[in-house]
Amino acid sequence: MSSLVSTPFTLHCSKKVDQLTLLHTFLPKRAGRVSTRPASIRAAIAGNGLFTQTKPEVRRIVPPSSSDGLPRVKVVYVVLEAQYQSSLSAAVRALNADRKDAAFEVVGYLVEELRDEETYKTFCKDLEDANIFIGSLIFVEELALKIKDAVEKERDRMDAVLVFPSMPEVMRLNKLGSFSMSQLGQSKSPFFQLFKRKKQGAGFAESMLKLVRTLPKVLKYLPSDKAQDARLYILSLQFWLGGSPDNLQNFLKMISGSYIPALKNTKIEYSDPVLFLDSGIWHPLAPTMYEDVKEYLNWYGTRKDVGEKLKSNNAPVIGLVLQRSHIVTGDDGHYVAVIMELEARGAKVIPIFAGGLDFSGPTERYLIDPVTGKPFIHAVVSLTGFALVGGPARQDHPRAIEALTKLDVPYIVALPLVFQTTEEWLISTLGLHPIQVALQVALPELDGGMEPIVFSGRDPRTGKSHALHKRVEQLCTRAIRWAELKRKTKMEKKLAITVFSFPPDKGNVGTAAYLNVFSSIYSVLKDLKASGYNVEGLPETPEALIEEVIHDKEAKFSSPNLNVAYKMGVREYQTLTPYANLLEENWGKPPGNLNSDGENLLVYGKQFGNVFIGVQPTFGYEGDPMRLLFSKSASPHHGFAAYYTFVEKIFGADAVLHFGTHGSLEFMPGKQVGMSDVCYPDSLIGNIPNIYYYAANNPSEATVAKRRSYANTISYLTPPAENAGLYKGLKQLAELISSYQSLKDTGRGQQIVNSIVSTARQCNLDKDVNLPEEGEELSADARDLVVGKVYSKIMEIESRLLPCGLHVIGEPPTALEAVATLVNIAALDRPEEGIYALPGILAATAGRSIEDVYRGNDKGILADVELLREITEASRGAILSFVQRATNKKGQVVDVSNKLTSMLGFGISEPWIQYLSQTKFLRADREKLRTLFVFLGECLKLIVADNELASLKLALEGSYVTPGPGGDPIRNPKVLPTGKNIHALDPQSIPTTAAMASAKIVVDRLVERQKIENGGSYPETVALVLWGTDNIKTYGESLAQVLWMIGARPIADTFGRVNRVEAISLEELGRPRIDVVVNCSGVFRDLFINQMNLLDRAVKMVAELDEPEEQNYVRKHALQQAKELGVPLREAATRVFSNASGSYSSNVNLAVENSSWNDEKQLQDMYLSRKSFAFDSDAPGVGMMEKRKVFEMALSTADATFQNLDSSEISLTDVSHYFDSDPTNLVQSLRKDGKKPSSYIADTTTANAQVRSLSETVRLDARTKLLNPKWYEGMMSSGYEGVREIEKRLTNTVGWSATSGQVDNFVYEEANATFIEDEEMRKRLLETNPNSFRKLVQTFLEASGRGYWETSEENLDRLRELYSEVEDKIEGIDR
């Protein structure tokens, strides 16, 4: 089977060029060469382009001709999963073999099969002569509606329609004699009230089961037909839930005898349902199901078929959670395989089941000792794939978390294939079906579930589940390894801490977003040592730790390489790494030339007692321009594989801790979700429990790490934010404006304005504000407007939030450091919680709405700019006074709740009231303020809480780590405190109504701005980017922006899930529909494939609308492209693109970071080659298909490019992702007129959403970070890592020059003045991290050599000289 899924490549012969060779025009030459091997890409395409090719014919049973003469009963059924297939088929065959009373014809459909138009037609045809329809667990809205439409047409004619728990739309089809559910959700009866409940989670399932047990007994004695029909419905449900062939046989007899007219006078005998336990313990070898865990354990202790070792108290114990329907229908082969495998590996099992959708009660009842309250088990594995409470319907995550917290063991949720057969999953590059990802991966993650390992497949013929033996081995071994963490002593546990080095360079060892890695590791190791772990030889300081890992003081001079911890011979490597031969196609024979000395593979790092700190190798192809061009990513290289082989099999780690955001393991090629044994992340992580520190604000990539490398992700805080403040000329400008305001009506007004204008020019603000000529005479109003615009610009810079320094694990911010974050939390309205934003409360006292003040400020109206400044200052002051009152003398936050209670209720003594009473805002609404400050008090507690170390220790001790959302703590304070097992959100819940409202504001502003800059014309096409994390943080705002542009809106189903769209009329839209080219990041593709499907359907729907082309640019361009390419309109309307499955990024970032590119055309080729894979909603099962021609044609119509910034922590030059996805120069090269598109950035980081040009945003970014002493001094205080952060910002700025040409010369000029001309600064950088300083110098030379920076020859000579000097120092040559 594995051959079906491996995606081998052959790479064209290329020469790996040393990164410096490409810089030949401006650097001293040093070169080395390596060759790679050549090659091919394979992919499989399924028949109808859907996820499943199975057909209902395998479930069709026609009675034998010998049954002629008997009345014929035709049954059509639709189910979510196939477990009923074999049981129902057996029941029908037995009835037909009897040849008594009736002959039965039956045909069954799986919900998913009804996507196929041909299958749907067959379904409708089957219904035309059906007597009985049965449906169960129909929860996928678009398919539920298809079923409803088809059944509705035949409902009145059919003799019986039975629908068991499904969406209300389908439940309303129920009809049994006089019993009907067409009024579902409206009637007063208890039965209907059940379905009306908003929270159809645990309670719903429990009440339903109780009802099913008791109602028949009650109804039996009611005389009316209606009561008897209701009774038979409930009995039907009992039969169905009982699921065995016997139960189903009696079910068909009962319904046929009662409702088929031809059988009215025949007395058909049937038995009552055989009732199974609603919940209990089941073991395939046990004589019975158990309701009492003690009885089960007694039986276990007397088993003759197992050795004493398994019965002893020392064996690990694993709890299993099973679905009752699989047990009662006899479809339990996959469960049996897991139980047998665990026992064969020496683990005891307690397999529990439940009949409803709530497993929280049974886990508490059967897995926890009622006497001691301690769990009987060391780990729990759910084999249902569903959320613990609520299954595929509504979930109750708080209830699940409460139950799992009591259990306090690792919680693994493994996956049975539901919508695909085994072979379909194996050949799919996507892996799991998107609906299964939403229901059975994303939802269990909200409960804290991890390790979504596919352990069973489905037979296409019988529908039965079967174990996938290699996957079952992997699942069971990993479960036992997690359980061992609960059992081993701290002293004997071995931990491998893995750090990253990206881009590969000694100055970059220990790279992680916002994290001071070595100080954090030091803090963790000190804590572990104090807790009893063996951390022998731990150095005295973080600096000494760096020295030992990197081998020489902070990557200082004369060390050719990192500290080598282990040399692995080729034979040892091949013996211990079963997949080593698969890597040869990309990398040749081992050892290769990466992480190798020519004979051995080298593992870099250092061991301290039972802790190994190792450096994860990089991708390996970042320096090779030829490899970067390939549309699919290469496999890991031998050095990468050797590292993980060492960690698992030679060092013998009990757990690996990946330290910080983020490494390369989870981004290696393989399926998107639902790994097979030939997917590289699965092979590399092997059997080691994986704990991963991940930045709390990056839930999307954390989710990729969870799903693809089985990580238990623990969130860490980003550094506390501060306002950027003003410095140098900007500070001087603020002082001049202050003078102007007090003296503007005297004769000095014009003179001060002249000074303001010339200072603004020196600060390069003339790029952002239209300044008059110097000395030009202006009227008083015109002067006010100029000053207002400059003032607005500098206040924008001053109030911008920036993270200062780097976070250290275990060091939460002090209360004062939390003030800026609280000010920003207070600036957002939270209507759902009844909380009003502070700026809005203050503006109301001046009789203004804050929106109005924001608009005036943006226009540069001086009075509004001043009012907004006063509001901002008052907000900061009020919050500071509150925080000071909530802290002790040492500045620590202690006992906020009590302090709050003492502050509240005394009106004037509330610190914020005391502060505001001295400002113009003393009349602010006290009730609103009080509600807000109670909320801020809660937030303050969360910000300063310290759970990061405690959660790591819980994970290492095999305990449950509480799950929590990732995202922006300002928008969603529930992200705090950090130290949670980070998760994303239910992918079907976005975009929300609030996101649609925010998106409309941004789209309107974007269109308005583009019209002004485009001679009044609307943009015909906008090329934009969708990011995973942005859409999680904003609940789908950028997704909603795409829908607004094309004029479509999402429609949520009864459960609030978005799986449909409808067109907004042109009248309502009030403008033409704008065409889009959507580039989804690889992470967005992995997390939100449902939404890609939704967008593709929306664009194609809009393209097919019969509307004038000048009002529908989507249709206009699709018709042109269809004609030119000779393809159907729907194919020409392909607009949703990303990478090939299992590949990420356009590689432009890797090329820029490693200087491994010749010219901009090469970067554009990378983008086109890697980003031209389209998702097709008409053939979703095929996954990502290359459609480069359509991609190029769509891009060639773009008038504007567009991206979103959604949180203050990450801006354009902080990470390389933004320029990596920017197609501005590429669009210019593709447009027939060669015109450069406008480039815009929407900034929704504050309540005052802005749409700026790209160049404005780059300038704002440079002024608030790279050139801002507050920012760079904050970084320098973090030492070694801080220098790297400064260098990274400059490299990313060059990235923007390369992809968009939107970086002003002054940015490079001033950066050179700050970091190179200043001798003191130069010395500090060189001393602190010489390797990163060398890269900084190299980047300046590269910016000039590539024509992005015009500067004096004197500057360039200084840089060249400096480069040679640093180079010699690093190599240890003293002149």
# chains A, B, ... in the order shown; residues from 1 in each chain; ligands from 1
$ closest_atom_pairs --of "segment 464-581 of chain A" --to "segment 621-643 of chain A" --cutoff "12 Å" --atoms "only C-alpha atoms" --output "Markdown table"
| residue | atom | partner | partner_atom | distance |
| --- | --- | --- | --- | --- |
| A:Ala496 | CA | A:Tyr643 | CA | 10.8 |
| A:Thr498 | CA | A:Tyr643 | CA | 9.9 |
| A:Val499 | CA | A:Tyr643 | CA | 11.9 |
| A:Phe500 | CA | A:Phe640 | CA | 11.9 |
| A:Phe502 | CA | A:Glu622 | CA | 9.9 |
| A:Pro503 | CA | A:Glu622 | CA | 8.0 |
| A:Pro504 | CA | A:Glu622 | CA | 8.6 |
| A:Asp505 | CA | A:Gly623 | CA | 11.6 |
| A:Val564 | CA | A:Tyr643 | CA | 11.5 |
| A:Ala565 | CA | A:Tyr643 | CA | 10.5 |
| A:Tyr566 | CA | A:Tyr643 | CA | 9.4 |
| A:Lys567 | CA | A:Ala642 | CA | 9.8 |
| A:Met568 | CA | A:Ala642 | CA | 7.6 |
| A:Gly569 | CA | A:Ala642 | CA | 9.9 |
| A:Val570 | CA | A:Ala642 | CA | 9.6 |
| A:Arg571 | CA | A:Ala642 | CA | 11.6 |
| A:Glu572 | CA | A:Ala642 | CA | 9.7 |
| A:Tyr573 | CA | A:Ala642 | CA | 6.4 |
| A:Gln574 | CA | A:Ala642 | CA | 9.2 |
| A:Thr575 | CA | A:Ala642 | CA | 11.1 |
| A:Leu576 | CA | A:Ala642 | CA | 8.8 |
| A:Thr577 | CA | A:Ala641 | CA | 7.5 |
| A:Pro578 | CA | A:Ala641 | CA | 10.2 |
| A:Tyr579 | CA | A:Ala641 | CA | 8.8 |
| A:Ala580 | CA | A:His638 | CA | 7.1 |
| A:Asn581 | CA | A:His638 | CA | 9.4 |
$ select_by_dssp --residues "segment 1047-1096 of chain A" --states "strand (DSSP E or B)" --output "PyMOL selection string"
chain A and resi 1048-1052+1058-1063+1073+1075-1080
$ write_last_selection --atoms "all heavy atoms" --output "short mmCIF file (atom, residue, chain, number, x, y, z; two decimals), in the first residue's frame"
data_model
loop_
_atom_site.label_atom_id
_atom_site.label_comp_id
_atom_site.auth_asym_id
_atom_site.auth_seq_id
_atom_site.Cartn_x
_atom_site.Cartn_y
_atom_site.Cartn_z
N ALA A 1048 -21.02 38.10 -1.85
CA ALA A 1048 -21.68 36.87 -1.39
C ALA A 1048 -21.71 36.90 0.12
O ALA A 1048 -20.89 37.57 0.76
CB ALA A 1048 -20.91 35.64 -1.89
N ARG A 1049 -22.66 36.16 0.72
CA ARG A 1049 -22.69 36.10 2.19
C ARG A 1049 -22.81 34.64 2.65
O ARG A 1049 -23.43 33.82 1.98
CB ARG A 1049 -23.83 36.95 2.76
CG ARG A 1049 -25.22 36.48 2.46
CD ARG A 1049 -26.23 37.15 3.41
NE ARG A 1049 -26.23 38.60 3.33
CZ ARG A 1049 -26.98 39.32 2.50
NH1 ARG A 1049 -27.81 38.71 1.67
NH2 ARG A 1049 -26.90 40.63 2.49
N PRO A 1050 -22.19 34.33 3.81
CA PRO A 1050 -22.25 32.97 4.33
C PRO A 1050 -23.60 32.70 5.00
O PRO A 1050 -24.18 33.62 5.58
CB PRO A 1050 -21.11 32.93 5.36
CG PRO A 1050 -20.97 34.35 5.81
CD PRO A 1050 -21.38 35.22 4.66
N ILE A 1051 -24.09 31.47 4.92
CA ILE A 1051 -25.34 31.09 5.57
C ILE A 1051 -25.02 30.01 6.59
O ILE A 1051 -24.47 28.96 6.24
CB ILE A 1051 -26.34 30.50 4.53
CG1 ILE A 1051 -26.54 31.48 3.36
CG2 ILE A 1051 -27.66 30.14 5.19
CD1 ILE A 1051 -27.23 32.77 3.73
N ALA A 1052 -25.36 30.29 7.87
CA ALA A 1052 -25.07 29.31 8.93
C ALA A 1052 -26.23 28.33 9.08
O ALA A 1052 -27.38 28.70 8.84
CB ALA A 1052 -24.82 30.03 10.24
N VAL A 1058 -20.96 27.12 9.16
CA VAL A 1058 -21.08 27.77 7.85
C VAL A 1058 -20.60 26.82 6.76
O VAL A 1058 -19.40 26.54 6.66
CB VAL A 1058 -20.21 29.06 7.82
CG1 VAL A 1058 -20.27 29.71 6.45
CG2 VAL A 1058 -20.68 30.03 8.89
N ASN A 1059 -21.54 26.31 5.97
CA ASN A 1059 -21.15 25.45 4.85
C ASN A 1059 -21.82 25.86 3.54
O ASN A 1059 -21.76 25.15 2.56
CB ASN A 1059 -21.51 23.98 5.15
CG ASN A 1059 -20.53 23.37 6.15
OD1 ASN A 1059 -19.33 23.48 5.96
ND2 ASN A 1059 -21.03 22.79 7.22
N ARG A 1060 -22.51 27.03 3.56
CA ARG A 1060 -23.20 27.49 2.34
C ARG A 1060 -23.01 28.98 2.16
O ARG A 1060 -22.73 29.71 3.11
CB ARG A 1060 -24.70 27.21 2.45
CG ARG A 1060 -25.09 25.76 2.24
CD ARG A 1060 -26.60 25.63 2.06
NE ARG A 1060 -27.35 26.22 3.15
CZ ARG A 1060 -28.45 26.96 2.99
NH1 ARG A 1060 -28.91 27.23 1.78
NH2 ARG A 1060 -29.10 27.45 4.04
N VAL A 1061 -23.20 29.44 0.92
CA VAL A 1061 -23.15 30.89 0.63
C VAL A 1061 -24.30 31.24 -0.30
O VAL A 1061 -24.81 30.38 -1.01
CB VAL A 1061 -21.83 31.29 -0.08
CG1 VAL A 1061 -20.70 31.45 0.89
CG2 VAL A 1061 -21.47 30.31 -1.17
N GLU A 1062 -24.67 32.53 -0.28
CA GLU A 1062 -25.66 33.00 -1.26
C GLU A 1062 -25.18 34.34 -1.81
O GLU A 1062 -24.41 35.04 -1.16
CB GLU A 1062 -27.05 33.12 -0.63
CG GLU A 1062 -27.16 34.23 0.40
CD GLU A 1062 -28.56 34.40 0.99
OE1 GLU A 1062 -29.36 33.45 0.90
OE2 GLU A 1062 -28.81 35.48 1.56
N ALA A 1063 -25.64 34.66 -3.02
CA ALA A 1063 -25.20 35.92 -3.65
C ALA A 1063 -25.97 37.09 -3.04
O ALA A 1063 -27.16 36.98 -2.75
CB ALA A 1063 -25.44 35.85 -5.15
N ARG A 1073 -19.33 43.69 -8.67
CA ARG A 1073 -18.66 42.58 -7.97
C ARG A 1073 -17.19 42.61 -8.39
O ARG A 1073 -16.87 42.62 -9.58
CB ARG A 1073 -19.27 41.24 -8.37
CG ARG A 1073 -20.73 41.12 -8.04
CD ARG A 1073 -21.28 39.73 -8.35
NE ARG A 1073 -22.73 39.73 -8.31
CZ ARG A 1073 -23.44 39.65 -7.18
NH1 ARG A 1073 -22.81 39.53 -6.02
NH2 ARG A 1073 -24.76 39.67 -7.21
N ASP A 1075 -13.50 41.04 -8.80
CA ASP A 1075 -12.85 39.74 -8.96
C ASP A 1075 -11.71 39.61 -7.94
O ASP A 1075 -11.15 40.63 -7.49
CB ASP A 1075 -12.30 39.62 -10.39
CG ASP A 1075 -12.03 38.16 -10.79
OD1 ASP A 1075 -12.25 37.25 -9.95
OD2 ASP A 1075 -11.60 37.94 -11.94
N VAL A 1076 -11.37 38.40 -7.57
CA VAL A 1076 -10.32 38.18 -6.56
C VAL A 1076 -9.37 37.09 -7.05
O VAL A 1076 -9.74 36.23 -7.84
CB VAL A 1076 -10.94 37.71 -5.21
CG1 VAL A 1076 -11.68 38.83 -4.53
CG2 VAL A 1076 -11.84 36.50 -5.41
N VAL A 1077 -8.11 37.17 -6.58
CA VAL A 1077 -7.20 36.01 -6.70
C VAL A 1077 -6.74 35.74 -5.28
O VAL A 1077 -6.09 36.58 -4.65
CB VAL A 1077 -5.97 36.33 -7.59
CG1 VAL A 1077 -5.18 35.04 -7.85
CG2 VAL A 1077 -6.38 36.96 -8.91
N VAL A 1078 -7.15 34.61 -4.75
CA VAL A 1078 -6.92 34.32 -3.34
C VAL A 1078 -5.74 33.36 -3.19
O VAL A 1078 -5.76 32.25 -3.70
CB VAL A 1078 -8.18 33.67 -2.72
CG1 VAL A 1078 -7.99 33.48 -1.22
CG2 VAL A 1078 -9.41 34.52 -2.99
N ASN A 1079 -4.69 33.85 -2.52
CA ASN A 1079 -3.54 32.98 -2.24
C ASN A 1079 -3.62 32.56 -0.77
O ASN A 1079 -3.46 33.39 0.12
CB ASN A 1079 -2.26 33.76 -2.55
CG ASN A 1079 -1.03 33.16 -1.88
OD1 ASN A 1079 -1.02 32.01 -1.44
ND2 ASN A 1079 0.01 33.96 -1.75
N CYS A 1080 -3.91 31.29 -0.54
CA CYS A 1080 -4.03 30.79 0.84
C CYS A 1080 -2.68 30.27 1.29
O CYS A 1080 -2.02 29.53 0.55
CB CYS A 1080 -5.04 29.64 0.91
SG CYS A 1080 -6.66 30.10 0.30
#
$ closest_atom_pairs --of "segment 88-154 of chain A" --to "segment 71-80 of chain A" --cutoff "7 Å" --atoms "only C-alpha atoms" --output "CSV"
residue,atom,partner,partner_atom,distance
A:Ala102,CA,A:Pro71,CA,5.0
A:Ala103,CA,A:Arg72,CA,4.9
A:Phe104,CA,A:Val73,CA,4.9
A:Glu105,CA,A:Lys74,CA,4.7
A:Val106,CA,A:Val75,CA,4.7
A:Val107,CA,A:Val76,CA,5.1
A:Gly108,CA,A:Tyr77,CA,4.7
A:Tyr109,CA,A:Val78,CA,4.7
A:Leu110,CA,A:Val79,CA,5.2
A:Val111,CA,A:Leu80,CA,5.3
A:Leu127,CA,A:Val76,CA,6.9
A:Ala130,CA,A:Lys74,CA,4.9
A:Asn131,CA,A:Lys74,CA,5.2
A:Ile132,CA,A:Val75,CA,4.8
A:Phe133,CA,A:Val76,CA,5.0
A:Ile134,CA,A:Tyr77,CA,4.5
A:Gly135,CA,A:Val78,CA,4.8
A:Ser136,CA,A:Val79,CA,5.0
A:Leu137,CA,A:Leu80,CA,5.6
A:Ile138,CA,A:Leu80,CA,6.1
$ select_by_dssp --residues "segment 788-900 of chain A" --states "helix (DSSP H, G or I)" --output "VMD selection string"
chain A and resid 788 to 799 816 to 826 831 to 833 838 to 845 850 to 859 862 to 886 896 to 900
$ closest_residue --among "A:Arg324, A:Lys121, A:Arg783, A:Arg1334" --to "Lys1369 of chain A" --atoms "only C-alpha atoms"
A:Arg1334
$ closest_residue --among "A:Leu88, A:Leu430, A:Leu1026, A:Ala230" --to "Leu1205 of chain A" --atoms "only C-alpha atoms"
A:Leu1026
$ atom_distance --atom1 "atom CA of Thr421 of chain A" --atom2 "atom CA of Thr52 of chain A"
7.0 Å
$ residues_around --residues "segment 158-162 of chain A" --least-positions-apart "2" --cutoff "8 Å" --atoms "only C-alpha atoms" --output "JSON list (two decimals) with C-alpha atoms, in the first residue's frame"
[["chain", "number", "residue", "atom", "x", "y", "z"],
["A", 130, "ALA", "CA", -39.70, 2.99, -1.66],
["A", 131, "ASN", "CA", -42.05, 2.05, 1.19],
["A", 132, "ILE", "CA", -39.77, 2.95, 4.07],
["A", 133, "PHE", "CA", -37.02, 5.55, 4.41],
["A", 134, "ILE", "CA", -34.53, 5.47, 7.30],
["A", 135, "GLY", "CA", -31.94, 8.20, 8.03],
["A", 154, "GLU", "CA", -42.08, 11.19, -1.74],
["A", 155, "ARG", "CA", -42.86, 11.60, 1.97],
["A", 156, "ASP", "CA", -46.67, 11.62, 1.73],
["A", 164, "PHE", "CA", -32.94, 9.15, 14.03],
["A", 173, "LEU", "CA", -39.43, 14.42, 7.78],
["A", 174, "ASN", "CA", -40.38, 11.79, 10.40],
["A", 175, "LYS", "CA", -43.78, 10.20, 9.75],
["A", 176, "LEU", "CA", -45.24, 7.07, 11.33],
["A", 177, "GLY", "CA", -49.02, 6.84, 10.97],
["A", 233, "TYR", "CA", -41.22, 5.45, 16.84],
["A", 255, "ILE", "CA", -42.70, -1.31, 10.88],
["A", 259, "TYR", "CA", -47.62, 0.48, 8.27],
["A", 260, "ILE", "CA", -47.38, -1.35, 4.91],
["A", 261, "PRO", "CA", -50.97, -1.42, 3.52]]
$ closest_residue --among "A:Leu743, A:Ala653, A:Val1007, A:Ala702" --to "Gln607 of chain A" --atoms "only C-alpha atoms"
A:Ala653
